[in-house]
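Taking it in order: structure first as structure tokens, then the write-up.
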Amino acid sequence: MNPNDTGNPDHEEARPMESDTPPHATTVLARPMGERALIWGGFPLVGAVLGWLLPIVADWAVSLPWFPFQGPLELAAGLPAPAATVGGLILGVATGVVLALVSESEYTTVTVDDNKVTLRNDTATRTVERADVTAVFRDGAALVLLGPDTGELARQGGDMPAQERLRAAFRRHGYPWRDDGDPHAEHYQRWVEDLPDLSASAHALLKARARALEREDRSDAEQLRSELAGLGVVLRDREGKQFWRPAPPDSR
């Protein structure tokens with residue numbers, strides 16, 4: 001006799017409830033191992049080759065009075081051959097390692113699951129809830145997530161996974177990925193000073209951001225973008241020019 005049998009014919013073993021749509025495993029889009037190996041192997045190798053050539057280049061460059069960095073070049077050219085070669089190799093490899101470290105720190109890893117998406121690099125981490133996302137698309141090199149009020153929940157540029165990987169991950173987890181880009185693209189207009197549709201505060205921030213773009217200060221430009229979003233102004237850049245469209249204030 002089965003010890004678990006209660007004798008009640010209506011008795012059924014309790015079973016866990018199952019969802020009609022089981023959750024997908026979290027998708028982590030990190031830098032591919034092949035690309036990482038190329039960076040960590042290639043940058044130091046190229047640096048070593050350039051460092052080995054440094055004494056030869058220095059001897060040639062010091063003969064040209066107009067060539068910049070004459071002081072350091074004269075110092076390199078004056079070193080004994082073995083010391084110059086070894087020093088150049090060490091300097092080149094070290095420079096390659098630094099460039100590899102910078103590349104790793106700037107890469108944005110995108111983690112997507114059925115409930116949220118996280119964008120992470122060495123400088124910042126941003127998480128957006130799935131329920132808040134109404135559109136996901138690429139705007140040039142940037143990944144953009146829009147909210148229900150058409151404001152931008154996130155805009156992440158720089159080095160990140162390829163578009164094909166992003167598209168597959170977001171679609172797998174049920175996000176509204178758009179191959180056609182920004183669904184509100186027709187509402188953008190180029191910013192010009194004293195445009196009557198914008199407040200004085202928005203104009204002041206846009207002027208400051210235009211100066212930041214001219215001096216290629218990316219950090220300041222992104223901070224000003226966030227402040228403008230708080231005023232209900234959504235931005236995108238094209239060839240150094242600012243284009244804007246309205247959105248409800250404090251949409252981010």
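So you can find residues: chains in the structure tokens are A, B, ... in the order shown, residues in each start at 1, and ligands are numbered from 1 in order.
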
Next item on the list: For stretch 179-196 of chain A, work out the shell of residues within 12 Å, counting only C-alpha atoms and skipping chain neighbours fewer than 2 positions away, then give it as a VMD selection string.
Entry: chain A and resid 134 to 147 149 to 152 163 to 164 166 to 168 170 to 171 176 to 177 198 to 210 233 to 247

Next item on the list: Mind the document's chain letters and residue numbers, and return as a PyMOL selection string the residues of stretch 132-211 of chain A that DSSP labels strand (DSSP E).
Entry: chain A and resi 135-139+142-146+152-156+189-190

Next item on the list: Name all residues at most 6 Å from A:Asn121 (count only C-alpha atoms; drop same-chain ones fewer than 3 positions away) and give them as a ChimeraX atom specification.
Entry: /A:107-108,124

Would you save the residues of that selection, restricted to C-alpha atoms, as a compact mmCIF listing (two decimals), in the first residue's frame?
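File produced: part-v7.txt:
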```
# COMPACT_ATOMS: atom_id res chain seq x y z
CA TYR A 107 32.49 48.94 -23.13
CA THR A 108 28.82 48.78 -22.09
CA ALA A 124 27.83 54.05 -14.59
```

Margin query: Could you list, as number ranges by chain, every residue within 12 Å of A:Leu53, counting only C-alpha atoms and ignoring same-chain residues fewer than 2 positions away?
Written below: A: 46-51, 55-60, 76-77, 81, 84-89, 91-92
